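J.: Below is the file model_19.cif, with mmCIF, C-alpha atoms.
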```cif
data_start
loop_
_atom_site.label_atom_id
_atom_site.label_comp_id
_atom_site.auth_asym_id
_atom_site.auth_seq_id
_atom_site.Cartn_x
_atom_site.Cartn_y
_atom_site.Cartn_z
CA MET A 283 46.29 12.48 98.25
CA VAL A 284 45.11 15.28 100.53
CA ILE A 285 42.84 12.79 102.28
CA THR A 286 45.79 10.44 102.88
CA PHE A 287 47.78 13.41 104.22
CA ILE A 288 45.05 14.26 106.68
CA LEU A 289 44.55 10.65 107.79
CA VAL A 290 48.27 10.10 108.28
CA PHE A 291 48.48 13.41 110.15
CA VAL A 292 45.65 12.39 112.51
CA LEU A 293 47.31 9.00 113.02
CA GLY A 294 50.47 10.90 113.98
CA ILE A 295 48.63 13.03 116.55
CA LEU A 296 47.17 9.91 118.14
CA ALA A 297 50.53 8.14 118.26
CA GLY A 298 52.18 11.28 119.65
CA VAL A 299 49.69 11.66 122.50
CA VAL A 300 49.96 7.98 123.45
CA GLY A 301 53.74 7.94 123.09
CA ALA A 302 54.24 11.04 125.22
CA ILE A 303 52.01 9.81 128.03
CA LEU A 304 53.51 6.32 128.18
CA GLY A 305 57.14 7.10 127.38
CA LEU A 306 57.09 4.98 124.24
CA GLY A 307 58.04 5.74 120.67
CA GLY A 308 54.63 5.02 119.20
CA GLY A 309 56.05 2.62 116.60
CA ILE A 310 53.62 0.05 117.93
CA ILE A 311 50.83 2.17 116.43
CA ILE A 312 52.55 3.74 113.42
CA VAL A 313 54.18 0.70 111.78
CA PRO A 314 51.04 -1.49 111.61
CA ALA A 315 48.85 1.48 110.64
CA LEU A 316 51.10 2.53 107.76
CA THR A 317 51.70 -0.99 106.43
CA LEU A 318 48.21 -2.44 106.91
CA GLY A 319 46.08 0.71 106.70
CA PHE A 320 47.89 2.57 103.94
CA ASP A 321 49.62 -0.29 102.10
CA MET A 322 53.06 1.16 102.54
CA PRO A 323 56.21 -0.95 102.33
CA MET A 324 57.71 -2.07 105.63
CA ARG A 325 60.95 -0.14 105.07
CA THR A 326 59.09 3.13 104.53
CA ALA A 327 56.94 2.53 107.60
CA VAL A 328 59.86 1.64 109.87
CA ALA A 329 61.90 4.62 108.65
CA ALA A 330 58.95 7.00 109.22
CA SER A 331 58.34 5.45 112.63
CA THR A 332 61.98 5.97 113.64
CA VAL A 333 61.75 9.69 112.85
CA CYS A 334 58.45 9.71 114.79
CA ILE A 335 60.26 8.38 117.85
CA ILE A 336 62.49 11.47 117.72
CA ALA A 337 59.41 13.67 117.28
CA THR A 338 57.74 12.15 120.35
CA SER A 339 60.91 12.54 122.37
CA THR A 340 61.64 16.13 121.36
CA GLY A 341 58.03 17.30 121.45
CA ALA A 342 57.28 15.88 124.89
CA ALA A 343 60.64 16.68 126.47
CA VAL A 344 60.01 20.43 126.67
CA ALA A 345 57.08 20.08 129.06
CA PHE A 346 58.69 17.23 131.02
CA LEU A 347 61.96 19.12 131.50
CA ARG A 348 60.10 22.20 132.73
CA ASP A 349 58.16 20.13 135.25
CA ARG A 350 61.38 18.38 136.34
CA LEU A 351 59.88 15.02 135.54
CA THR A 352 62.81 14.17 133.28
CA ASN A 353 65.90 13.15 135.17
CA THR A 354 68.74 14.21 132.88
CA ARG A 355 71.46 12.61 135.01
CA VAL A 356 69.73 9.24 135.05
CA ALA A 357 69.05 9.67 131.32
CA ILE A 358 72.71 10.26 130.43
CA TRP A 359 73.85 7.39 132.66
CA LEU A 360 71.40 4.96 131.05
CA GLU A 361 71.93 6.26 127.52
CA MET A 362 75.43 4.83 127.73
CA GLY A 363 73.74 1.44 127.93
CA THR A 364 71.15 2.01 125.21
CA ALA A 365 73.55 3.62 122.73
CA THR A 366 76.29 0.98 123.06
CA GLY A 367 73.61 -1.74 123.12
CA ALA A 368 72.05 -0.48 119.90
CA LEU A 369 75.50 -0.42 118.33
CA THR A 370 76.21 -4.02 119.40
CA GLY A 371 72.78 -5.09 118.20
CA ALA A 372 73.36 -3.64 114.74
CA LEU A 373 76.82 -5.25 114.54
CA VAL A 374 75.82 -8.79 115.58
CA ALA A 375 72.41 -8.82 113.86
CA ALA A 376 73.64 -11.14 111.11
CA TRP A 377 74.80 -13.85 113.53
CA VAL A 378 71.98 -14.15 116.02
CA ASN A 379 68.80 -16.16 116.03
CA GLN A 380 66.10 -13.50 115.83
CA ARG A 381 63.31 -15.92 116.64
CA LEU A 382 64.89 -16.95 119.89
CA LEU A 383 65.44 -13.31 120.81
CA PHE A 384 61.82 -12.42 120.07
CA ILE A 385 60.70 -15.18 122.42
CA LEU A 386 63.22 -14.26 125.08
CA PHE A 387 62.36 -10.56 125.08
CA GLY A 388 58.67 -11.37 124.80
CA VAL A 389 58.81 -13.49 127.94
CA LEU A 390 60.74 -10.73 129.70
CA LEU A 391 58.05 -8.20 128.80
CA ALA A 392 55.30 -10.58 129.87
CA TYR A 393 57.00 -10.88 133.24
CA SER A 394 57.26 -7.13 133.62
CA ALA A 395 53.58 -6.77 132.63
CA TYR A 396 52.71 -9.24 135.38
CA ASN A 397 54.91 -7.35 137.82
CA MET A 398 53.27 -4.06 136.92
CA PHE A 399 49.84 -5.64 137.33
CA ARG A 400 50.81 -6.83 140.80
CA THR A 401 51.83 -3.33 141.91
CA ARG A 402 49.12 -1.49 139.95
CA LYS A 403 47.52 0.19 142.94
CA GLU A 404 50.68 1.84 144.26
CA GLU A 405 50.70 5.58 143.75
CA HIS A 406 54.26 5.83 144.99
CA LYS A 407 56.93 3.42 146.06
CA GLU A 408 58.04 2.34 149.46
CA GLU A 409 61.35 3.70 150.64
CA VAL A 410 64.02 2.91 148.05
CA ILE A 411 67.49 2.36 149.47
CA PRO A 412 69.98 3.93 147.04
CA ASP A 413 73.19 2.08 146.23
CA ALA A 414 76.71 3.54 146.41
CA ILE A 415 76.97 4.49 142.72
CA SER A 416 73.61 6.22 142.79
CA GLN A 417 74.79 8.29 145.74
CA ARG A 418 78.18 9.02 144.22
CA LEU A 419 76.65 10.14 140.90
CA LYS A 420 73.75 11.94 142.61
CA LEU A 421 71.15 10.02 140.62
CA LYS A 422 68.26 11.62 142.41
CA GLY A 423 65.45 13.93 141.59
CA SER A 424 62.54 15.87 142.89
CA TYR A 425 59.42 17.10 141.16
CA TYR A 426 56.06 18.56 142.01
CA ASP A 427 53.37 16.04 141.11
CA LYS A 428 50.46 18.08 139.78
CA ALA A 429 48.07 15.14 140.06
CA LEU A 430 48.89 14.47 143.72
CA GLY A 431 49.50 18.09 144.63
CA ARG A 432 52.75 17.44 146.44
CA ARG A 433 56.46 17.18 145.94
CA ILE A 434 58.06 13.81 145.25
CA ASP A 435 61.71 13.25 146.16
CA TYR A 436 63.49 10.12 145.08
CA GLN A 437 66.88 8.56 144.60
CA VAL A 438 67.36 5.59 142.30
CA SER A 439 68.76 2.24 143.30
CA ARG A 440 70.24 -0.79 141.49
CA THR A 441 72.19 1.51 139.20
CA ILE A 442 74.32 -1.17 137.54
CA PRO A 443 71.49 -3.67 136.88
CA GLY A 444 69.59 -0.73 135.35
CA LEU A 445 72.49 0.05 133.04
CA ILE A 446 72.79 -3.61 132.00
CA ILE A 447 69.06 -3.82 131.21
CA MET A 448 69.38 -0.66 129.12
CA TYR A 449 72.25 -2.25 127.22
CA PHE A 450 70.03 -5.20 126.30
CA SER A 451 67.09 -2.93 125.57
CA GLY A 452 69.32 -0.99 123.15
CA ALA A 453 70.50 -4.25 121.62
CA ALA A 454 66.87 -5.38 121.22
CA ALA A 455 66.02 -2.14 119.45
CA GLY A 456 69.04 -2.64 117.16
CA LEU A 457 68.32 -6.32 116.51
CA LEU A 458 64.55 -6.49 116.38
CA GLY A 459 63.71 -2.95 115.35
CA ILE A 460 61.11 -2.62 118.09
CA GLY A 461 60.96 -1.87 121.75
CA ALA A 462 62.29 1.65 122.04
CA GLY A 463 60.61 2.61 125.27
CA ILE A 464 58.79 -0.51 126.31
CA PHE A 465 61.82 -1.95 128.14
CA LYS A 466 63.00 1.37 129.53
CA VAL A 467 59.94 2.35 131.53
CA PRO A 468 59.70 -0.96 133.49
CA ALA A 469 63.49 -0.98 134.01
CA MET A 470 63.43 2.40 135.73
CA ASP A 471 60.07 1.92 137.43
CA GLN A 472 60.45 -1.65 138.67
CA VAL A 473 64.19 -2.24 138.88
CA MET A 474 65.66 1.14 139.78
CA GLY A 475 62.77 2.25 141.96
CA MET A 476 62.09 5.50 140.13
CA PRO A 477 58.58 7.00 140.35
CA PHE A 478 56.46 5.92 137.38
CA LYS A 479 55.96 9.39 135.94
CA ALA A 480 59.66 10.18 136.17
CA SER A 481 60.40 6.82 134.51
CA SER A 482 58.03 7.56 131.65
CA ALA A 483 59.37 11.10 131.12
CA THR A 484 63.00 9.97 131.30
CA SER A 485 62.31 7.08 128.91
CA ASN A 486 60.72 9.59 126.57
CA PHE A 487 63.83 11.72 126.74
CA MET A 488 66.13 8.78 126.02
CA ILE A 489 64.34 7.19 123.07
CA GLY A 490 65.23 10.12 120.81
CA VAL A 491 68.93 9.44 121.23
CA THR A 492 68.61 5.73 120.50
CA ALA A 493 66.49 6.47 117.43
CA ALA A 494 68.77 9.21 116.07
CA SER A 495 71.56 6.92 114.81
CA GLY A 496 69.03 4.64 113.14
CA ALA A 497 67.20 7.58 111.58
CA VAL A 498 70.42 8.96 110.06
CA VAL A 499 71.05 5.55 108.48
CA TYR A 500 67.51 5.37 107.06
CA PHE A 501 67.93 8.89 105.67
CA ALA A 502 71.21 7.95 104.00
CA ARG A 503 69.57 4.89 102.42
CA GLY A 504 66.69 6.99 101.14
CA ASP A 505 64.08 5.08 103.15
CA VAL A 506 62.64 8.24 104.68
CA LYS A 507 59.97 9.33 102.19
CA PRO A 508 59.18 13.00 102.85
CA LEU A 509 55.58 12.70 101.68
CA VAL A 510 54.86 9.89 104.11
CA ALA A 511 57.09 10.94 106.99
CA GLY A 512 56.23 14.68 106.75
CA PRO A 513 52.54 14.56 107.73
CA VAL A 514 52.90 11.74 110.26
CA VAL A 515 55.90 13.36 111.96
CA LEU A 516 54.17 16.76 112.16
CA GLY A 517 51.18 15.01 113.72
CA VAL A 518 53.36 13.18 116.23
CA LEU A 519 55.15 16.40 117.16
CA ILE A 520 51.88 18.18 117.91
CA GLY A 521 50.44 15.09 119.60
CA ALA A 522 53.50 14.73 121.83
CA ILE A 523 53.33 18.37 122.97
CA VAL A 524 49.65 17.91 123.87
CA GLY A 525 50.23 14.47 125.40
CA ALA A 526 53.02 15.72 127.66
CA ARG A 527 50.77 18.47 129.03
CA LEU A 528 48.06 15.91 129.74
CA MET A 529 50.50 13.51 131.34
CA VAL A 530 51.80 15.88 134.01
CA HIS A 531 48.26 16.14 135.37
CA MET A 532 47.59 12.40 135.32
CA LYS A 533 47.95 10.02 138.23
CA ALA A 534 50.70 7.43 137.95
CA SER A 535 48.25 4.62 138.68
CA LYS A 536 46.07 5.72 135.75
CA ILE A 537 49.02 5.89 133.35
CA ARG A 538 50.05 2.41 134.46
CA LEU A 539 46.57 1.20 133.62
CA PHE A 540 47.13 2.32 130.01
CA PHE A 541 50.65 0.99 129.94
CA MET A 542 49.85 -2.56 131.05
CA PRO A 543 47.70 -3.69 128.10
CA ILE A 544 50.27 -2.29 125.65
CA LEU A 545 53.02 -4.12 127.50
CA ALA A 546 51.03 -7.36 127.47
CA TYR A 547 50.14 -6.93 123.79
CA THR A 548 53.76 -6.29 122.79
CA ALA A 549 54.89 -9.31 124.81
CA LEU A 550 52.39 -11.57 123.03
CA GLU A 551 53.23 -10.10 119.64
CA MET A 552 56.94 -10.70 120.19
CA ILE A 553 56.41 -14.29 121.36
CA TYR A 554 54.12 -14.87 118.39
CA LYS A 555 56.73 -13.52 115.98
CA GLY A 556 59.24 -15.89 117.52
CA VAL A 557 57.13 -19.04 117.25
CA LYS A 558 55.14 -18.50 114.07
CA TRP A 559 57.66 -20.08 111.69
CA TRP A 560 58.15 -23.21 113.70
CA MET B 53 70.69 31.37 157.26
CA VAL B 54 70.44 33.26 154.01
CA VAL B 55 73.38 31.27 152.73
CA GLY B 56 71.61 28.08 153.73
CA ASN B 57 68.53 29.12 151.79
CA ASP B 58 70.58 30.00 148.77
CA HIS B 59 72.31 26.69 148.93
CA GLU B 60 69.03 24.85 149.01
CA ALA B 61 67.66 26.85 146.13
CA GLY B 62 70.88 26.20 144.23
CA ALA B 63 70.48 22.48 144.71
CA GLU B 64 66.95 22.63 143.35
CA VAL B 65 67.46 24.72 140.24
CA HIS B 66 69.01 22.64 137.50
CA PRO B 67 69.92 25.03 134.72
CA ILE B 68 70.69 22.06 132.49
CA GLU B 69 66.97 21.20 132.31
CA LEU B 70 66.06 24.74 131.28
CA VAL B 71 68.84 24.98 128.69
CA LEU B 72 67.87 21.65 127.16
CA ALA B 73 64.16 22.55 127.23
CA ARG B 74 64.91 25.77 125.34
CA LEU B 75 67.07 23.92 122.80
CA LEU B 76 64.46 21.23 122.19
CA ARG B 77 61.65 23.77 121.94
CA LEU B 78 63.58 25.73 119.34
CA GLY B 79 64.29 22.54 117.39
CA SER B 80 60.70 21.35 117.45
CA LEU B 81 59.32 24.80 116.48
CA ILE B 82 61.64 25.11 113.47
CA ALA B 83 60.92 21.52 112.42
CA ALA B 84 57.15 21.94 112.82
CA ALA B 85 57.17 25.20 110.82
CA LEU B 86 59.18 23.67 107.95
CA LEU B 87 56.97 20.56 107.90
CA ALA B 88 53.72 22.57 108.02
CA VAL B 89 54.77 24.92 105.20
CA GLY B 90 56.08 21.98 103.17
CA ILE B 91 52.86 20.02 103.54
CA ALA B 92 50.73 23.08 102.74
CA LEU B 93 52.75 23.73 99.56
CA MET B 94 52.44 20.06 98.62
CA ALA B 95 48.68 20.24 98.98
CA MET B 96 48.74 23.32 96.74
CA GLY B 97 50.57 21.33 94.10
CA MET B 98 54.07 22.77 94.39
CA THR B 99 55.72 19.37 94.08
CA VAL B 100 59.27 20.61 93.54
CA VAL B 101 59.92 22.79 96.61
CA ALA B 102 57.60 21.04 99.04
CA PRO B 103 59.49 17.73 99.51
CA LYS B 104 62.71 19.69 100.07
CA LEU B 105 61.12 21.78 102.83
CA ILE B 106 59.70 18.64 104.45
CA THR B 107 63.09 16.92 104.28
CA ALA B 108 64.70 19.99 105.84
CA GLY B 109 62.14 19.84 108.66
CA LEU B 110 62.82 16.15 109.24
CA LEU B 111 66.57 16.78 109.31
CA VAL B 112 66.20 19.59 111.87
CA LEU B 113 64.18 17.23 114.03
CA LEU B 114 66.80 14.52 113.58
CA GLY B 115 69.46 16.93 114.78
CA THR B 116 67.73 17.74 118.09
CA PRO B 117 68.72 14.59 120.05
CA VAL B 118 72.31 14.89 118.82
CA MET B 119 72.41 18.58 119.73
CA ARG B 120 71.05 17.90 123.16
CA VAL B 121 73.74 15.32 123.96
CA VAL B 122 76.37 17.79 122.69
CA ALA B 123 74.80 20.55 124.82
CA ALA B 124 74.73 18.27 127.88
CA SER B 125 78.42 17.41 127.46
CA ILE B 126 79.29 21.12 127.25
CA ILE B 127 77.21 21.97 130.33
CA PHE B 128 78.69 19.12 132.38
CA THR B 129 82.20 20.11 131.33
CA LYS B 130 81.55 23.72 132.34
CA GLU B 131 80.25 22.55 135.71
CA ARG B 132 83.37 20.38 136.06
CA ASP B 133 81.14 17.37 136.48
CA TRP B 134 83.71 15.10 134.85
CA HIS B 135 81.79 11.86 135.32
CA PHE B 136 78.81 13.10 133.40
CA ALA B 137 80.88 14.94 130.81
CA PHE B 138 82.59 11.59 130.13
CA PHE B 139 79.25 9.73 130.00
CA SER B 140 77.92 12.22 127.44
CA ILE B 141 81.00 11.68 125.27
CA VAL B 142 80.55 7.89 125.47
CA VAL B 143 76.96 8.36 124.25
CA LEU B 144 78.08 10.61 121.38
CA CYS B 145 80.78 8.15 120.30
CA ALA B 146 78.33 5.23 120.36
CA MET B 147 75.87 7.27 118.26
CA ALA B 148 78.58 8.17 115.76
CA ALA B 149 79.76 4.55 115.55
CA GLY B 150 76.16 3.41 115.08
CA ILE B 151 75.81 5.73 112.10
CA TYR B 152 79.17 4.66 110.66
CA PHE B 153 78.50 0.92 110.89
CA GLY B 154 74.86 1.28 109.90
CA LYS B 155 75.84 2.90 106.63
CA GLY B 156 78.17 0.01 105.88
CA ASP B 157 75.47 -2.46 104.86
#
```
Could you write out this structure as structure tokens?

T.:
Amino acid sequence: MVITFILVFVLGILAGVVGAILGLGGGIIIVPALTLGFDMPMRTAVAASTVCIIATSTGAAVAFLRDRLTNTRVAIWLEMGTATGALTGALVAAWVNQRLLFILFGVLLAYSAYNMFRTRKEEHKEEVIPDAISQRLKLKGSYYDKALGRRIDYQVSRTIPGLIIMYFSGAAAGLLGIGAGIFKVPAMDQVMGMPFKASSATSNFMIGVTAASGAVVYFARGDVKPLVAGPVVLGVLIGAIVGARLMVHMKASKIRLFFMPILAYTALEMIYKGVKWW
Amino acid sequence: MVVGNDHEAGAEVHPIELVLARLLRLGSLIAAALLAVGIALMAMGMTVVAPKLITAGLLVLLGTPVMRVVAASIIFTKERDWHFAFFSIVVLCAMAAGIYFGKGD
């Protein structure tokens, strides 16, 4: 049992580091590892993974907030979309065709992977022209990029499309149980014109809120098994703290390079899930 | 000129980030301590207390995102930033509704 503890703990550290750097929840690593590697039931794995999302978010946020990478105003604005989306997703889950959704969201992710590949060499974006709402709500930010050694100022654009995408990303998380951060980073980076590192840090900040409602439900149902979740969550917490410190010193282009294969893999996995029963 | 400098500095310092960072650090430290002690006790064979400590740690962690939205709504209200105070409340309501409806099935 101690061996399992240690292995699960190490798995958690790995998922935490990756999750913190990329702005994802790490469920993409934890769920398959717990179900395939440790023969755990899906419900237990998904419940543990949901608590891990909160651990990644909370653990990494401290460093990101200090370095001003997290944009709290943008986060609160977009959380309205993710939280109401997740709620809608949970409510309509019984009436929708999951397979079709998997394919639809998979194609969407594939497109954003392609888009990210196209712009992979950009270290920063061309001048973004902010829209009226962004100016009114002061959805801007400024941080010192430790990798580039200079200050980055930005103001987001396409505020409403961003919010709408977040609504659907929340709904996807509620309906499909995956995709906590994987839609959020491209939405901020590619649609709203936010710098990649700020997008990743802000996504990281937001995923904890989306996961919290789900985690409370799993707790109430008794799906969160302390002996499984305990070691993996502790690992993720430590991993996320370390990962966040690494991330602030990394170049955006390098982080993108890690992000792209995961994006492409998730896209394929989702499309596969959608077509495999046909 | 001094006023101008102060104004610029004021625009750059966002106390909300520091308050939230402190809150989240406190939450993650308490959670990590409870989890670590719980796991250590479990490894030592204390199978009665250990799961309770671990559960407590997980619950503390679970509370951090909720607390930080609550804290943000308080800070925005204090700063009379009504838009963002309202947005925070929308988020809180959606979270609460998510929990309520999630428990239903």

J.: Tell me, counting all atoms listed in the file, for each residue of chain A within 7 Å of chain B, which pair of atoms is nearest and how far apart they are in Å to one decimal, in rows ordered by chain and increasing number, as a tab-separated table.

T.:
```
residue	atom	partner	partner_atom	distance
A:Val284	CA	B:Ala95	CA	6.3
A:Ile336	CA	B:Leu114	CA	6.7
A:Ala337	CA	B:Leu113	CA	6.8
A:Thr340	CA	B:Leu76	CA	5.9
A:Gly341	CA	B:Ser80	CA	6.3
A:Ala343	CA	B:Ala73	CA	6.9
A:Val344	CA	B:Ala73	CA	4.7
A:Leu347	CA	B:Glu69	CA	5.5
A:Arg348	CA	B:Leu70	CA	6.6
A:Ile358	CA	B:Ser140	CA	6.3
A:Trp359	CA	B:Phe139	CA	6.5
A:Glu361	CA	B:Val143	CA	6.4
A:Met362	CA	B:Val143	CA	5.2
A:Ala365	CA	B:Ala146	CA	5.6
A:Thr366	CA	B:Ala146	CA	5.4
A:Leu369	CA	B:Gly150	CA	5.1
A:Gly490	CA	B:Pro117	CA	5.7
A:Val491	CA	B:Pro117	CA	5.3
A:Ala494	CA	B:Leu114	CA	6.2
A:Ser495	CA	B:Ile151	CA	5.2
A:Gly496	CA	B:Ile151	CA	6.9
A:Val498	CA	B:Ile151	CA	6.6
A:Val499	CA	B:Lys155	CA	5.8
A:Pro508	CA	B:Thr107	CA	5.7
A:Leu509	CA	B:Pro103	CA	6.7
A:Gly512	CA	B:Ile106	CA	5.7
A:Pro513	CA	B:Ile91	CA	6.9
A:Leu516	CA	B:Ala84	CA	6.0
```

J.: For the structure shown, which residues end up in the PyMOL selection byres ((chain A and resi 410) around 8)? Put them as JSON, numbers by chain, please?

T.: {"A": [407, 408, 409, 411, 412, 436, 437, 438, 439, 475]}

J.: Restricting the calculation to only C-alpha atoms: of A:Gly319, A:Ala302, A:Ala329, A:Phe384, which residue gets closest to Val557 in chain A?

T.: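 Looking at the shortest contact to Val557 in chain A, the residue is A:Phe384.
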
J.: Given the file shown, enumerate the residues that the PyMOL selection byres ((chain A and resi 482) around 12) captures and present them as JSON, numbers by chain.

T.: {"A": [300, 301, 302, 303, 304, 305, 306, 307, 339, 342, 343, 346, 351, 352, 353, 357, 463, 464, 465, 466, 467, 468, 469, 470, 471, 472, 476, 477, 478, 479, 480, 481, 483, 484, 485, 486, 487, 488, 489, 526, 529, 530, 534, 537, 538, 541]}

J.: Store the residues picked out above in a file with C-alpha atoms, as a CSV table (one decimal), in the frame of the given file.

T.:
```
chain,number,residue,atom,x,y,z
A,300,VAL,CA,50.0,8.0,123.4
A,301,GLY,CA,53.7,7.9,123.1
A,302,ALA,CA,54.2,11.0,125.2
A,303,ILE,CA,52.0,9.8,128.0
A,304,LEU,CA,53.5,6.3,128.2
A,305,GLY,CA,57.1,7.1,127.4
A,306,LEU,CA,57.1,5.0,124.2
A,307,GLY,CA,58.0,5.7,120.7
A,339,SER,CA,60.9,12.5,122.4
A,342,ALA,CA,57.3,15.9,124.9
A,343,ALA,CA,60.6,16.7,126.5
A,346,PHE,CA,58.7,17.2,131.0
A,351,LEU,CA,59.9,15.0,135.5
A,352,THR,CA,62.8,14.2,133.3
A,353,ASN,CA,65.9,13.2,135.2
A,357,ALA,CA,69.0,9.7,131.3
A,463,GLY,CA,60.6,2.6,125.3
A,464,ILE,CA,58.8,-0.5,126.3
A,465,PHE,CA,61.8,-2.0,128.1
A,466,LYS,CA,63.0,1.4,129.5
A,467,VAL,CA,59.9,2.4,131.5
A,468,PRO,CA,59.7,-1.0,133.5
A,469,ALA,CA,63.5,-1.0,134.0
A,470,MET,CA,63.4,2.4,135.7
A,471,ASP,CA,60.1,1.9,137.4
A,472,GLN,CA,60.4,-1.6,138.7
A,476,MET,CA,62.1,5.5,140.1
A,477,PRO,CA,58.6,7.0,140.4
A,478,PHE,CA,56.5,5.9,137.4
A,479,LYS,CA,56.0,9.4,135.9
A,480,ALA,CA,59.7,10.2,136.2
A,481,SER,CA,60.4,6.8,134.5
A,483,ALA,CA,59.4,11.1,131.1
A,484,THR,CA,63.0,10.0,131.3
A,485,SER,CA,62.3,7.1,128.9
A,486,ASN,CA,60.7,9.6,126.6
A,487,PHE,CA,63.8,11.7,126.7
A,488,MET,CA,66.1,8.8,126.0
A,489,ILE,CA,64.3,7.2,123.1
A,526,ALA,CA,53.0,15.7,127.7
A,529,MET,CA,50.5,13.5,131.3
A,530,VAL,CA,51.8,15.9,134.0
A,534,ALA,CA,50.7,7.4,138.0
A,537,ILE,CA,49.0,5.9,133.4
A,538,ARG,CA,50.0,2.4,134.5
A,541,PHE,CA,50.6,1.0,129.9
```

J.: Looking at A:Ile544, A:Ala549, A:Leu519, A:Ala453, which one is nearest to Ile295 in chain A, with distances taken over all atoms listed in the file?

T.: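 Closest to Ile295 in chain A of all the choices is A:Leu519.
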
J.: Evaluating the PyMOL selection byres ((chain A and resi 415) around 10) on the displayed file yields which residues, as a list in words?

T.: Pro412, Asp413, Ala414, Ser416, Gln417, Arg418, Leu419, Lys420, Leu421, Val438, Ser439, Arg440, Thr441 and Ile442 of chain A

J.: Using all atoms listed in the file, determine which residues lie at most 8 Å from range 312-318 of chain A, disregarding the query and same-chain residues fewer than 4 positions distant; provide the list as a list in words.

T.: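 Final neighbour list, sorted by chain and number: Leu293, Gly294, Ala297, Gly308, Met322, Pro323, Met324, Ala327, Val328 and Ser331 of chain A.
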
J.: Determine the nearest neighbour of Thr370 in chain A from the options A:Ala454, A:Ala493, A:Ile447, A:Ile310, counting only C-alpha atoms.

T.: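 Checking each candidate against Thr370 in chain A, we get A:Ala454 as the closest.
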
J.: Excluding Thr326 in chain A and its own-chain neighbours fewer than 4 positions away, which residues fall within 7 Å of it when counting all atoms listed in the file? Please give them as a list of chain:residue names.

T.: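 My reading of the contact set: A:Met322, A:Ala330, A:Asp505, A:Val506, A:Lys507.
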
J.: What is the CA of Leu296 in chain A-CA of Lys403 in chain A distance in Å, reported with one decimal?

T.: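 Atom-to-atom, CA of Leu296 in chain A and CA of Lys403 in chain A are spaced 26.6 Å apart.
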
J.: State, in Å with one decimal place, the distance from CA of Gly298 in chain A to CA of Ala511 in chain A.

T.: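 If I compute the distance from CA of Gly298 in chain A to CA of Ala511 in chain A, I get 13.6 Å.
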
J.: Which residue, A:Phe320, A:Phe450, A:Phe501, A:Phe291, has the smallest gap to Leu390 in chain A when you use all atoms listed in the file?

T.: A:Phe450

J.: Could you jot down the CA of Val299 in chain A to CA of Ile520 in chain A separation for me, Å, one decimal place?

T.: 8.3 Å

J.: Please tell me which residues are no farther than 9 Å from (53.2, -4.7, 133.1) in the file, counting all atoms listed in the file, and write them as a list in words.

T.: Leu391, Ala392, Tyr393, Ser394, Ala395, Tyr396, Asn397, Met398, Phe399, Arg400, Arg402, Pro468, Arg538, Leu539, Phe541, Met542, Pro543, Ile544, Leu545 and Ala546 of chain A

J.: Could you pull range 383-391 of chain A out of the structure I just pasted and write it to a file containing N, CA, C and O atoms, as a PDB file, in the first residue's frame?

T.:
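selection_18.pdb, written as the output of this step:
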```pdb
ATOM      1  N   LEU A 383     -21.347  15.858 -29.503  1.00  0.00           N
ATOM      2  CA  LEU A 383     -20.611  16.912 -28.811  1.00  0.00           C
ATOM      3  C   LEU A 383     -19.118  16.621 -28.778  1.00  0.00           C
ATOM      4  O   LEU A 383     -18.298  17.520 -28.970  1.00  0.00           O
ATOM      5  N   PHE A 384     -18.771  15.342 -28.519  1.00  0.00           N
ATOM      6  CA  PHE A 384     -17.360  14.972 -28.498  1.00  0.00           C
ATOM      7  C   PHE A 384     -16.721  15.317 -29.840  1.00  0.00           C
ATOM      8  O   PHE A 384     -15.633  15.887 -29.898  1.00  0.00           O
ATOM      9  N   ILE A 385     -17.426  14.981 -30.930  1.00  0.00           N
ATOM     10  CA  ILE A 385     -16.874  15.250 -32.251  1.00  0.00           C
ATOM     11  C   ILE A 385     -16.752  16.751 -32.491  1.00  0.00           C
ATOM     12  O   ILE A 385     -15.712  17.259 -32.912  1.00  0.00           O
ATOM     13  N   LEU A 386     -17.824  17.454 -32.140  1.00  0.00           N
ATOM     14  CA  LEU A 386     -17.848  18.903 -32.349  1.00  0.00           C
ATOM     15  C   LEU A 386     -16.701  19.602 -31.602  1.00  0.00           C
ATOM     16  O   LEU A 386     -15.928  20.361 -32.181  1.00  0.00           O
ATOM     17  N   PHE A 387     -16.584  19.296 -30.303  1.00  0.00           N
ATOM     18  CA  PHE A 387     -15.537  19.929 -29.506  1.00  0.00           C
ATOM     19  C   PHE A 387     -14.161  19.446 -29.933  1.00  0.00           C
ATOM     20  O   PHE A 387     -13.185  20.201 -29.898  1.00  0.00           O
ATOM     21  N   GLY A 388     -14.073  18.190 -30.358  1.00  0.00           N
ATOM     22  CA  GLY A 388     -12.812  17.659 -30.837  1.00  0.00           C
ATOM     23  C   GLY A 388     -12.324  18.414 -32.063  1.00  0.00           C
ATOM     24  O   GLY A 388     -11.155  18.789 -32.164  1.00  0.00           O
ATOM     25  N   VAL A 389     -13.250  18.675 -32.983  1.00  0.00           N
ATOM     26  CA  VAL A 389     -12.900  19.396 -34.213  1.00  0.00           C
ATOM     27  C   VAL A 389     -12.456  20.823 -33.862  1.00  0.00           C
ATOM     28  O   VAL A 389     -11.477  21.349 -34.381  1.00  0.00           O
ATOM     29  N   LEU A 390     -13.178  21.418 -32.914  1.00  0.00           N
ATOM     30  CA  LEU A 390     -12.855  22.769 -32.458  1.00  0.00           C
ATOM     31  C   LEU A 390     -11.429  22.833 -31.902  1.00  0.00           C
ATOM     32  O   LEU A 390     -10.652  23.742 -32.200  1.00  0.00           O
ATOM     33  N   LEU A 391     -11.086  21.829 -31.089  1.00  0.00           N
ATOM     34  CA  LEU A 391      -9.745  21.776 -30.506  1.00  0.00           C
ATOM     35  C   LEU A 391      -8.697  21.548 -31.575  1.00  0.00           C
ATOM     36  O   LEU A 391      -7.613  22.139 -31.522  1.00  0.00           O
TER      37      LEU A 391
END
```
